[in-house]
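Undergrad: Structure file data-v8.pdb (PDB, C-alpha atoms) right here:
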```pdb
ATOM      1  CA  MET A1463      38.022  -0.474 -30.644
ATOM      2  CA  PRO A1464      38.795  -3.310 -28.235
ATOM      3  CA  HIS A1465      35.828  -5.190 -26.876
ATOM      4  CA  ASP A1466      35.383  -4.275 -23.249
ATOM      5  CA  SER A1467      34.384  -7.335 -21.303
ATOM      6  CA  ALA A1468      35.146  -6.003 -17.836
ATOM      7  CA  GLY A1469      32.354  -5.873 -15.300
ATOM      8  CA  HIS A1470      29.926  -8.084 -17.175
ATOM      9  CA  THR A1471      28.977 -11.530 -15.921
ATOM     10  CA  PRO A1472      28.525 -13.959 -18.806
ATOM     11  CA  ILE A1473      24.851 -14.663 -19.487
ATOM     12  CA  ASP A1474      24.206 -18.371 -19.245
ATOM     13  CA  MET A1475      21.306 -20.780 -19.102
ATOM     14  CA  PRO A1476      20.459 -21.855 -15.546
ATOM     15  CA  ASP A1477      22.224 -25.043 -14.569
ATOM     16  CA  ASP A1478      20.344 -26.021 -11.437
ATOM     17  CA  PRO A1479      19.160 -29.653 -11.081
ATOM     18  CA  ASP A1480      15.628 -28.802 -12.290
ATOM     19  CA  ALA A1481      16.969 -27.230 -15.481
ATOM     20  CA  ARG A1482      19.131 -30.276 -16.143
ATOM     21  CA  ILE A1483      16.168 -32.626 -15.714
ATOM     22  CA  ILE A1484      14.051 -30.497 -18.073
ATOM     23  CA  ARG A1485      16.817 -30.498 -20.705
ATOM     24  CA  ALA A1486      17.255 -34.264 -20.424
ATOM     25  CA  LEU A1487      13.493 -34.870 -20.673
ATOM     26  CA  LYS A1488      13.217 -32.546 -23.675
ATOM     27  CA  ALA A1489      16.086 -34.341 -25.430
ATOM     28  CA  LEU A1490      14.467 -37.730 -24.780
ATOM     29  CA  LEU A1491      11.036 -36.649 -26.050
ATOM     30  CA  ILE A1492      12.536 -35.089 -29.163
ATOM     31  CA  GLY A1493      14.685 -38.212 -29.678
ATOM     32  CA  ARG A1494      11.603 -40.441 -29.489
ATOM     33  CA  GLY A1495       9.758 -38.251 -31.978
ATOM     34  CA  PHE A1496       6.995 -36.899 -29.719
ATOM     35  CA  PHE A1497       7.771 -33.393 -30.972
ATOM     36  CA  SER A1498      10.614 -31.525 -32.642
ATOM     37  CA  ALA A1499      12.981 -28.870 -31.363
ATOM     38  CA  ASP A1500      11.223 -26.483 -33.738
ATOM     39  CA  ASP A1501       7.880 -27.305 -32.080
ATOM     40  CA  VAL A1502       9.376 -26.308 -28.715
ATOM     41  CA  ARG A1503      10.828 -23.084 -30.083
ATOM     42  CA  ARG A1504       7.536 -22.213 -31.795
ATOM     43  CA  LYS A1505       5.527 -22.894 -28.622
ATOM     44  CA  ILE A1506       7.826 -20.640 -26.603
ATOM     45  CA  GLU A1507       7.475 -17.938 -29.249
ATOM     46  CA  GLU A1508       3.691 -18.330 -29.195
ATOM     47  CA  LEU A1509       3.580 -18.126 -25.385
ATOM     48  CA  GLN A1510       5.740 -15.033 -25.295
ATOM     49  CA  SER A1511       4.224 -13.135 -28.205
ATOM     50  CA  PRO A1512       0.980 -11.664 -26.772
ATOM     51  CA  ALA A1513       1.732  -8.141 -25.706
ATOM     52  CA  PRO A1514      -0.096  -6.082 -23.096
ATOM     53  CA  ALA A1515      -1.508  -4.228 -26.116
ATOM     54  CA  ARG A1516      -4.282  -6.854 -26.315
ATOM     55  CA  GLY A1517      -5.476  -6.005 -22.824
ATOM     56  CA  ALA A1518      -5.015  -2.279 -23.439
ATOM     57  CA  ALA A1519      -7.245  -2.444 -26.508
ATOM     58  CA  LEU A1520     -10.025  -4.019 -24.417
ATOM     59  CA  VAL A1521      -9.678  -1.354 -21.729
ATOM     60  CA  ALA A1522      -9.748   1.476 -24.293
ATOM     61  CA  ALA A1523     -12.841  -0.069 -25.885
ATOM     62  CA  ALA A1524     -14.535  -0.337 -22.474
ATOM     63  CA  TRP A1525     -13.760   3.333 -21.758
ATOM     64  CA  SER A1526     -15.233   4.341 -25.116
ATOM     65  CA  ASP A1527     -18.310   2.131 -25.286
ATOM     66  CA  PRO A1528     -20.562   1.771 -22.223
ATOM     67  CA  ALA A1529     -22.329  -1.280 -23.660
ATOM     68  CA  PHE A1530     -19.029  -3.062 -24.233
ATOM     69  CA  ARG A1531     -17.842  -2.060 -20.745
ATOM     70  CA  ALA A1532     -20.957  -3.660 -19.235
ATOM     71  CA  HIS A1533     -20.463  -6.795 -21.312
ATOM     72  CA  LEU A1534     -16.769  -7.034 -20.411
ATOM     73  CA  LEU A1535     -17.549  -6.760 -16.695
ATOM     74  CA  ALA A1536     -20.395  -9.277 -16.901
ATOM     75  CA  ASP A1537     -18.728 -11.917 -19.098
ATOM     76  CA  GLY A1538     -15.093 -11.084 -19.791
ATOM     77  CA  LYS A1539     -14.233 -14.097 -21.882
ATOM     78  CA  VAL A1540     -17.140 -13.751 -24.315
ATOM     79  CA  ALA A1541     -16.770  -9.970 -24.586
ATOM     80  CA  ALA A1542     -13.033 -10.248 -25.284
ATOM     81  CA  ALA A1543     -13.593 -12.947 -27.905
ATOM     82  CA  GLU A1544     -16.114 -10.731 -29.685
ATOM     83  CA  ARG A1545     -13.368  -8.117 -30.048
ATOM     84  CA  GLY A1546     -11.071 -10.715 -31.583
ATOM     85  CA  VAL A1547      -9.106 -11.337 -28.378
ATOM     86  CA  PRO A1548      -9.565 -14.992 -27.404
ATOM     87  CA  VAL A1549      -8.726 -15.930 -23.819
ATOM     88  CA  LEU A1550      -7.838 -19.592 -24.107
ATOM     89  CA  GLU A1551      -6.200 -20.425 -20.795
ATOM     90  CA  ALA A1552      -9.145 -20.013 -18.412
ATOM     91  CA  GLY A1553     -12.201 -17.927 -17.583
ATOM     92  CA  LEU A1554     -11.789 -14.158 -17.436
ATOM     93  CA  ILE A1555     -13.051 -11.846 -14.730
ATOM     94  CA  VAL A1556     -12.631  -8.113 -15.328
ATOM     95  CA  VAL A1557     -12.701  -5.982 -12.189
ATOM     96  CA  GLU A1558     -13.318  -2.249 -12.401
ATOM     97  CA  ASN A1559     -11.549   0.466 -10.442
ATOM     98  CA  THR A1560     -13.837   3.221  -9.225
ATOM     99  CA  PRO A1561     -13.363   6.401  -7.150
ATOM    100  CA  SER A1562     -13.915   4.277  -4.022
ATOM    101  CA  LEU A1563     -12.371   0.903  -4.956
ATOM    102  CA  HIS A1564      -9.002  -0.173  -6.324
ATOM    103  CA  ASN A1565      -8.326  -3.744  -7.457
ATOM    104  CA  LEU A1566      -5.018  -5.610  -7.347
ATOM    105  CA  ILE A1567      -4.263  -8.998  -8.914
ATOM    106  CA  THR A1568      -1.989 -11.686  -7.540
ATOM    107  CA  CYS A1569      -1.558 -15.468  -7.503
ATOM    108  CA  THR A1570      -0.246 -16.700  -4.172
ATOM    109  CA  LEU A1571      -0.057 -20.379  -5.154
ATOM    110  CA  CYS A1572       1.814 -20.102  -8.459
ATOM    111  CA  SER A1573       1.825 -17.614 -11.321
ATOM    112  CA  CYS A1574      -1.719 -17.456 -12.759
ATOM    113  CA  TYR A1575      -1.847 -14.429 -15.038
ATOM    114  CA  PRO A1576      -4.008 -13.407 -18.028
ATOM    115  CA  ARG A1577      -1.303 -14.362 -20.538
ATOM    116  CA  SER A1578      -3.600 -14.125 -23.578
ATOM    117  CA  LEU A1579      -4.111 -10.458 -22.793
ATOM    118  CA  LEU A1580      -0.854  -9.343 -21.163
ATOM    119  CA  GLY A1581       1.804 -11.797 -22.338
ATOM    120  CA  GLN A1582       4.205 -13.340 -19.851
ATOM    121  CA  PRO A1583       4.134 -11.981 -16.298
ATOM    122  CA  PRO A1584       6.950  -9.709 -15.141
ATOM    123  CA  PRO A1585       9.509 -11.414 -12.867
ATOM    124  CA  TRP A1586       8.334  -9.513  -9.792
ATOM    125  CA  TYR A1587       4.777 -10.858 -10.259
ATOM    126  CA  THR A1588       5.966 -14.437  -9.861
ATOM    127  CA  SER A1589       8.399 -13.628  -7.042
ATOM    128  CA  LYS A1590       7.674 -15.088  -3.615
ATOM    129  CA  ALA A1591       7.926 -11.604  -2.130
ATOM    130  CA  TYR A1592       5.097 -10.171  -4.266
ATOM    131  CA  ARG A1593       2.932 -13.270  -3.917
ATOM    132  CA  ALA A1594       3.235 -13.258  -0.126
ATOM    133  CA  ARG A1595       3.067  -9.529   0.492
ATOM    134  CA  SER A1596       0.392  -8.541  -2.040
ATOM    135  CA  VAL A1597      -2.273 -10.318   0.011
ATOM    136  CA  ARG A1598      -0.960  -9.384   3.461
ATOM    137  CA  ASP A1599       0.076  -5.774   2.881
ATOM    138  CA  PRO A1600      -1.236  -4.545  -0.478
ATOM    139  CA  ARG A1601      -0.917  -0.876   0.456
ATOM    140  CA  GLY A1602       2.705  -1.358   1.452
ATOM    141  CA  VAL A1603       3.442  -3.102  -1.850
ATOM    142  CA  LEU A1604       1.712  -0.354  -3.846
ATOM    143  CA  ALA A1605       3.643   2.355  -1.985
ATOM    144  CA  GLU A1606       6.937   0.570  -2.649
ATOM    145  CA  LEU A1607       6.040   0.416  -6.329
ATOM    146  CA  GLY A1608       5.510   4.153  -6.307
ATOM    147  CA  TRP A1609       1.780   4.741  -5.833
ATOM    148  CA  THR A1610      -0.034   5.487  -2.589
ATOM    149  CA  PRO A1611      -3.805   5.178  -2.949
ATOM    150  CA  PRO A1612      -5.753   7.535  -0.684
ATOM    151  CA  ARG A1613      -7.100   5.949   2.532
ATOM    152  CA  GLY A1614     -10.629   6.606   1.295
ATOM    153  CA  ILE A1615     -10.175   4.122  -1.542
ATOM    154  CA  ALA A1616     -10.770   0.514  -0.480
ATOM    155  CA  ILE A1617      -8.232  -1.978  -1.801
ATOM    156  CA  ARG A1618      -9.510  -5.327  -3.041
ATOM    157  CA  VAL A1619      -6.938  -8.045  -3.711
ATOM    158  CA  HIS A1620      -7.879 -10.863  -6.091
ATOM    159  CA  ASP A1621      -5.974 -14.086  -5.499
ATOM    160  CA  SER A1622      -6.273 -16.110  -8.730
ATOM    161  CA  THR A1623      -6.106 -19.548  -7.214
ATOM    162  CA  ALA A1624      -8.074 -21.702  -9.629
ATOM    163  CA  ASP A1625      -9.822 -21.505 -13.004
ATOM    164  CA  MET A1626     -10.241 -17.756 -13.471
ATOM    165  CA  ARG A1627      -7.849 -15.092 -14.677
ATOM    166  CA  TYR A1628      -8.237 -11.430 -13.770
ATOM    167  CA  LEU A1629      -7.840  -8.128 -15.574
ATOM    168  CA  VAL A1630      -8.145  -4.750 -13.885
ATOM    169  CA  LEU A1631     -10.162  -2.116 -15.747
ATOM    170  CA  PRO A1632      -8.326   1.024 -14.603
ATOM    171  CA  ARG A1633     -10.046   4.375 -14.170
ATOM    172  CA  ARG A1634     -10.086   6.493 -17.281
ATOM    173  CA  PRO A1635      -7.675   9.403 -16.788
ATOM    174  CA  ASP A1636      -9.089  12.912 -16.623
ATOM    175  CA  GLY A1637      -8.663  15.072 -19.691
ATOM    176  CA  THR A1638      -9.229  12.282 -22.221
ATOM    177  CA  GLU A1639     -12.781  13.124 -23.256
ATOM    178  CA  GLY A1640     -13.322  12.511 -26.933
ATOM    179  CA  TRP A1641     -10.045  10.637 -27.488
ATOM    180  CA  PRO A1642     -10.111   7.853 -30.072
ATOM    181  CA  GLU A1643      -9.594   4.304 -28.775
ATOM    182  CA  GLY A1644      -6.102   4.066 -30.253
ATOM    183  CA  ASP A1645      -4.922   7.077 -28.267
ATOM    184  CA  LEU A1646      -6.635   5.881 -25.084
ATOM    185  CA  ALA A1647      -4.911   2.499 -25.370
ATOM    186  CA  ARG A1648      -1.517   4.216 -25.111
ATOM    187  CA  LEU A1649      -2.428   5.255 -21.549
ATOM    188  CA  VAL A1650      -3.144   1.666 -20.485
ATOM    189  CA  THR A1651       0.037   0.047 -19.187
ATOM    190  CA  ARG A1652       0.542  -3.569 -18.245
ATOM    191  CA  ASP A1653       0.952  -2.602 -14.603
ATOM    192  CA  SER A1654      -2.306  -0.631 -14.585
ATOM    193  CA  MET A1655      -4.089  -3.822 -15.688
ATOM    194  CA  ILE A1656      -2.446  -5.817 -12.863
ATOM    195  CA  GLY A1657      -3.495  -3.028 -10.529
ATOM    196  CA  VAL A1658      -0.138  -1.905  -9.193
ATOM    197  CA  ALA A1659      -0.424   1.549 -10.807
ATOM    198  CA  PRO A1660      -3.066   3.858 -12.293
ATOM    199  CA  ALA A1661      -3.291   4.400 -16.044
ATOM    200  CA  LEU A1662      -0.988   7.069 -17.463
ATOM    201  CA  SER A1663      -2.038  10.702 -17.598
ATOM    202  CA  PRO A1664      -2.276  12.460 -20.994
ATOM    203  CA  SER A1665       0.935  14.382 -20.356
ATOM    204  CA  ALA A1666       2.852  11.089 -19.912
ATOM    205  CA  VAL A1667       2.277  10.304 -23.589
ATOM    206  CA  GLY A1668       3.022  13.855 -24.698
ATOM    207  CA  ARG A1669      -0.530  14.974 -25.272
ATOM    208  CA  ASP A1670      -2.323  17.926 -23.838
ATOM    209  CA  PRO A1671      -5.534  17.066 -22.058
ATOM    210  CA  SER A1672      -8.549  17.589 -24.246
ATOM    211  CA  GLY A1673     -10.728  20.619 -23.829
ATOM    212  CA  ILE A1674      -8.015  22.754 -22.250
TER     213      ILE A1674
ATOM    214  CA  MET B 846     -27.951 -24.420 -15.077
ATOM    215  CA  ASP B 847     -26.177 -26.195 -12.271
ATOM    216  CA  ARG B 848     -27.852 -26.392  -8.920
ATOM    217  CA  LEU B 849     -25.903 -24.032  -6.675
ATOM    218  CA  ARG B 850     -24.894 -25.281  -3.258
ATOM    219  CA  PHE B 851     -24.218 -21.777  -2.008
ATOM    220  CA  ALA B 852     -26.122 -18.570  -2.694
ATOM    221  CA  ILE B 853     -24.622 -15.236  -3.671
ATOM    222  CA  GLY B 854     -24.291 -13.191  -0.490
ATOM    223  CA  GLN B 855     -24.252 -16.257   1.773
ATOM    224  CA  ARG B 856     -21.745 -16.372   4.631
ATOM    225  CA  VAL B 857     -19.454 -19.361   4.307
ATOM    226  CA  ARG B 858     -16.526 -20.851   6.160
ATOM    227  CA  ILE B 859     -13.523 -22.063   4.194
ATOM    228  CA  ARG B 860     -12.738 -25.549   5.463
ATOM    229  CA  ASP B 861      -9.325 -26.652   6.655
ATOM    230  CA  LEU B 862      -9.174 -30.053   4.986
ATOM    231  CA  PRO B 863      -6.189 -32.338   5.396
ATOM    232  CA  VAL B 864      -5.658 -32.654   1.645
ATOM    233  CA  PRO B 865      -2.016 -33.255   0.791
ATOM    234  CA  GLY B 866      -0.316 -32.273  -2.437
ATOM    235  CA  HIS B 867      -1.827 -30.164  -5.189
ATOM    236  CA  MET B 868      -4.853 -28.165  -4.052
ATOM    237  CA  ARG B 869      -6.013 -24.636  -4.745
ATOM    238  CA  THR B 870      -7.006 -23.423  -1.280
ATOM    239  CA  PRO B 871      -4.088 -21.533   0.251
ATOM    240  CA  ARG B 872      -3.398 -21.984   3.917
ATOM    241  CA  TYR B 873      -3.976 -18.334   4.838
ATOM    242  CA  VAL B 874      -7.728 -18.529   4.105
ATOM    243  CA  ARG B 875      -8.452 -21.914   5.681
ATOM    244  CA  GLY B 876     -10.823 -21.762   8.613
ATOM    245  CA  ARG B 877     -11.779 -18.182   7.713
ATOM    246  CA  THR B 878     -15.269 -16.856   7.083
ATOM    247  CA  GLY B 879     -16.379 -14.757   4.145
ATOM    248  CA  GLU B 880     -19.217 -14.018   1.762
ATOM    249  CA  VAL B 881     -19.970 -15.680  -1.577
ATOM    250  CA  THR B 882     -19.842 -13.056  -4.346
ATOM    251  CA  GLN B 883     -19.994 -15.110  -7.541
ATOM    252  CA  TYR B 884     -20.460 -18.586  -8.958
ATOM    253  CA  CYS B 885     -17.819 -19.214 -11.639
ATOM    254  CA  GLY B 886     -19.098 -22.507 -13.042
ATOM    255  CA  SER B 887     -18.194 -26.130 -12.572
ATOM    256  CA  PHE B 888     -14.674 -27.378 -13.253
ATOM    257  CA  ARG B 889     -12.720 -30.601 -13.119
ATOM    258  CA  ASN B 890     -11.206 -31.124  -9.691
ATOM    259  CA  PRO B 891      -7.525 -30.081  -9.753
ATOM    260  CA  GLU B 892      -6.785 -32.314  -6.754
ATOM    261  CA  THR B 893      -7.178 -35.439  -8.874
ATOM    262  CA  LEU B 894      -6.482 -33.850 -12.277
ATOM    263  CA  ALA B 895      -2.959 -33.012 -11.129
ATOM    264  CA  TYR B 896      -2.160 -36.691 -10.574
ATOM    265  CA  GLY B 897      -3.291 -38.192 -13.870
ATOM    266  CA  GLY B 898      -6.948 -38.559 -12.869
ATOM    267  CA  ASN B 899      -9.823 -37.218 -14.931
ATOM    268  CA  GLY B 900     -10.905 -34.650 -12.343
ATOM    269  CA  MET B 901     -14.451 -36.021 -12.273
ATOM    270  CA  PRO B 902     -16.900 -35.301 -10.825
ATOM    271  CA  THR B 903     -16.593 -31.594 -11.583
ATOM    272  CA  ARG B 904     -16.781 -29.184  -8.674
ATOM    273  CA  GLY B 905     -18.578 -25.872  -8.413
ATOM    274  CA  LEU B 906     -16.221 -22.925  -8.089
ATOM    275  CA  TYR B 907     -17.164 -19.855  -6.053
ATOM    276  CA  ARG B 908     -15.556 -16.505  -5.382
ATOM    277  CA  VAL B 909     -15.484 -15.659  -1.712
ATOM    278  CA  ARG B 910     -14.858 -12.177  -0.317
ATOM    279  CA  LEU B 911     -13.059 -11.873   3.004
ATOM    280  CA  ARG B 912     -12.303  -8.791   5.069
ATOM    281  CA  GLN B 913      -8.576  -8.165   5.299
ATOM    282  CA  GLY B 914      -9.011  -7.277   8.958
ATOM    283  CA  ASP B 915     -10.341 -10.811   9.541
ATOM    284  CA  LEU B 916      -7.425 -12.428   7.708
ATOM    285  CA  TRP B 917      -4.403 -10.760   9.254
ATOM    286  CA  SER B 918      -3.924  -9.684  12.823
ATOM    287  CA  GLY B 919      -2.636  -6.140  12.838
ATOM    288  CA  TYR B 920      -3.599  -5.500   9.212
ATOM    289  CA  ARG B 921      -2.202  -2.094   8.322
ATOM    290  CA  GLY B 922      -4.679  -0.959   5.667
ATOM    291  CA  SER B 923      -8.223   0.365   5.801
ATOM    292  CA  GLY B 924     -11.176  -1.416   7.402
ATOM    293  CA  GLN B 925     -12.819  -1.387   3.966
ATOM    294  CA  ASP B 926     -10.058  -3.494   2.370
ATOM    295  CA  THR B 927     -11.053  -6.941   1.140
ATOM    296  CA  LEU B 928      -9.662 -10.005  -0.592
ATOM    297  CA  GLU B 929     -11.458 -12.212  -3.082
ATOM    298  CA  ILE B 930     -10.458 -15.764  -3.820
ATOM    299  CA  GLU B 931     -11.757 -18.732  -5.832
ATOM    300  CA  ILE B 932     -12.738 -21.712  -3.690
ATOM    301  CA  TYR B 933     -14.136 -25.074  -4.847
ATOM    302  CA  GLU B 934     -17.424 -26.085  -3.254
ATOM    303  CA  HIS B 935     -16.033 -29.028  -1.277
ATOM    304  CA  TRP B 936     -13.826 -26.561   0.603
ATOM    305  CA  LEU B 937     -16.842 -24.475   1.679
ATOM    306  CA  ALA B 938     -19.238 -24.973   4.577
ATOM    307  CA  GLU B 939     -22.307 -23.069   5.703
ATOM    308  CA  VAL B 940     -21.518 -20.859   8.650
ATOM    309  CA  GLY B 941     -22.889 -22.373  11.858
ATOM    310  CA  LYS B 942     -23.396 -25.840  10.367
ATOM    311  CA  GLY B 943     -20.146 -27.049  11.863
ATOM    312  CA  ALA B 944     -19.188 -29.403   9.037
ATOM    313  CA  PRO B 945     -16.209 -31.392  10.188
ATOM    314  CA  ASP B 946     -12.940 -30.674   8.431
ATOM    315  CA  ALA B 947     -12.536 -34.183   7.106
ATOM    316  CA  PRO B 948     -12.303 -35.309   3.493
TER     317      PRO B 948
END
```
Would you write out, as C-alpha cells, the structure that this file holds?
TA:
Amino acid sequence: MPHDSAGHTPIDMPDDPDARIIRALKALLIGRGFFSADDVRRKIEELQSPAPARGAALVAAAWSDPAFRAHLLADGKVAAAERGVPVLEAGLIVVENTPSLHNLITCTLCSCYPRSLLGQPPPWYTSKAYRARSVRDPRGVLAELGWTPPRGIAIRVHDSTADMRYLVLPRRPDGTEGWPEGDLARLVTRDSMIGVAPALSPSAVGRDPSGI
Amino acid sequence: MDRLRFAIGQRVRIRDLPVPGHMRTPRYVRGRTGEVTQYCGSFRNPETLAYGGNGMPTRGLYRVRLRQGDLWSGYRGSGQDTLEIEIYEHWLAEVGKGAPDAP
C-alpha cells in the first residue's frame, strides 16, 4: 500500500531564534563537558514521567481517610511525602472543593504547576489566553471548557505566583460509598485537580453507583 | 517561628512598587486591598535570586484573598467569587498606613 503523505505537515523541531540559542548553548555545554547529551535526555524523561496518577492517589486517599484528608489540607507537602509522593519543586497547598466553593488553579506570570503530582502541564494551561482569562473571567473559562458551576457556588481562583504549588481536592462523586481507593482514583482526572472540571461520575468509568 | 509582620485576617494593601525585571507580584493586583489568609514561610527573594544574587535576606510570603468584584470592573461572576495570590511581605502594607510605594 503506498504511503499517503497528503494533508500532513511534516513535524519538525521549532526553529525560532530562542530554540536556536538553546541548541547552541546545549551543544557548547556538552562540548565543554558540563553534562552529556544522555544527561539532558534523562532529565527530560524524569521531568515528563510523573503522571496525574500521583495526584489522583492522594485525592482518593483523602476521600477514604478523614485523618489523611485533614493532614493533606493542613500541610500538603508533608502529607504527600508520607504517602510516598515527594513534592520537590516547592511547597504544596491543597484546596478543597465543597458544596459552596469551587477552586481553580492558574499561574498568570509563567507556568507554575504541581509537576511532581500531575506531570507536565497541558498546553492550554500555559497559554496566554488561559493565564489571562482564568483570573478575569473564571466562570466564562469553565463554561467554555464544558462545565457551568451553579451561581450558588463561589469560585476561588488561586494564582500560583511564587513558592507554592496548588492541588484541588475535588468533591467525591455521589454513589461511590465503600469504593476502594484504587477505584476512586480512576474518577480523579488531571483537569479535576486543576479545577477546570469535576471528578468523573461512576458511570463514566463503567461502574454502577454503589448501593443502587 | 518567624515573627509575622501581618496577621491572619488582617486587611492589607498590595503595593505598586517600581521594581523592574523579575518579580512575582502581577500588575493586576497592585494597589488592591485584600485579606491575609495564610503565612507560607520565609523564602529567598526572587527579585535578586533571578539575577545571580543569593536572595538574602529571606522574605515572608503571605497568601492574600481579594474579592473579584474589587479586582475587575464589570466582573461577570458572583459577588462571592474571590482570588488568592502569594505576595512577599515587602509588597504588602497595612491598610490606612499609607506606606509610600517606593523601594
Undergrad: Could you check which of A:Lys1539, A:His1564, A:Arg1598, A:Lys1488 is closest to Met1655 (chain A), using all atoms listed in the file?
TA: A:His1564
Undergrad: Write out as JSON, numbers by chain every residue belonging to chain A that has an atom at most 9 Å from any atom of chain B, counting all atoms listed in the file.
TA: {"A": [1553, 1563, 1570, 1571, 1597, 1598, 1599, 1600, 1601, 1602, 1613, 1614, 1615, 1616, 1617, 1618, 1619, 1620, 1621, 1622, 1623, 1624, 1625, 1626]}
Undergrad: Just want the 6 Å neighbourhood of Arg860 (chain B), counted on only C-alpha atoms, with same-chain residues fewer than 4 positions away dropped. Output as a list in words.
TA: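 Result of the neighbour search: Arg875, Gly876, Trp936, Leu937 and Asp946 of chain B.
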Undergrad: Anything within 12 Å of (-8.3, 12.9, -23.3): list those residues as a count of residues only, counting only C-alpha atoms and sticking to the file's coordinates.
TA: 32
Undergrad: Can you translate the PyMOL selection byres ((chain A and resi 1582) around 10) into the concrete residues it hits in this file, as a list in words?
TA: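 Checking the PyMOL selection byres ((chain A and resi 1582) around 10) against this file, the residues are Leu1509, Gln1510, Ser1511, Pro1512, Ala1513, Pro1514, Ser1573, Tyr1575, Pro1576, Arg1577, Ser1578, Leu1579, Leu1580, Gly1581, Pro1583, Pro1584, Pro1585 and Tyr1587 of chain A.
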Undergrad: Separation of CA of Pro902 (chain B) and CA of Pro1548 (chain A), in Å?
TA: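 Going from CA of Pro902 (chain B) over to CA of Pro1548 (chain A), I get 27.2 Å.
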Undergrad: So, with all atoms listed in the file as the atoms that count, which of A:Pro1561, A:Gly1495, A:Pro1660, A:Gly1538 lies closest to Thr1610 (chain A)?
TA: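 Result for the nearest residue to Thr1610 (chain A): A:Pro1660.
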Undergrad: I need the residue set behind the PyMOL selection byres ((chain A and resi 1541) around 12) for this file; please write it as a PyMOL selection string.
TA: chain A and resi 1520-1521+1523-1524+1529-1540+1542-1549+1553-1556
Undergrad: Expressed in Å to a single decimal, how great is the separation between CA of Asp861 (chain B) and CA of Val1603 (chain A)?
TA: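 Those two atoms sit 28.1 Å apart.
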Undergrad: Kindly give the distance, in Å, that separates CA of Glu1507 (chain A) and CA of Pro1632 (chain A), rounded to a single decimal.
TA: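 Separation between CA of Glu1507 (chain A) and CA of Pro1632 (chain A): 28.7 Å.
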Undergrad: Using only C-alpha atoms - which residues lie no farther than 8 Å from the point (-7.1, -7.2, -10.9) in the file's frame? Write them as a PyMOL selection string.
TA: chain A and resi 1556-1557+1565-1568+1619-1620+1628-1631+1655-1657
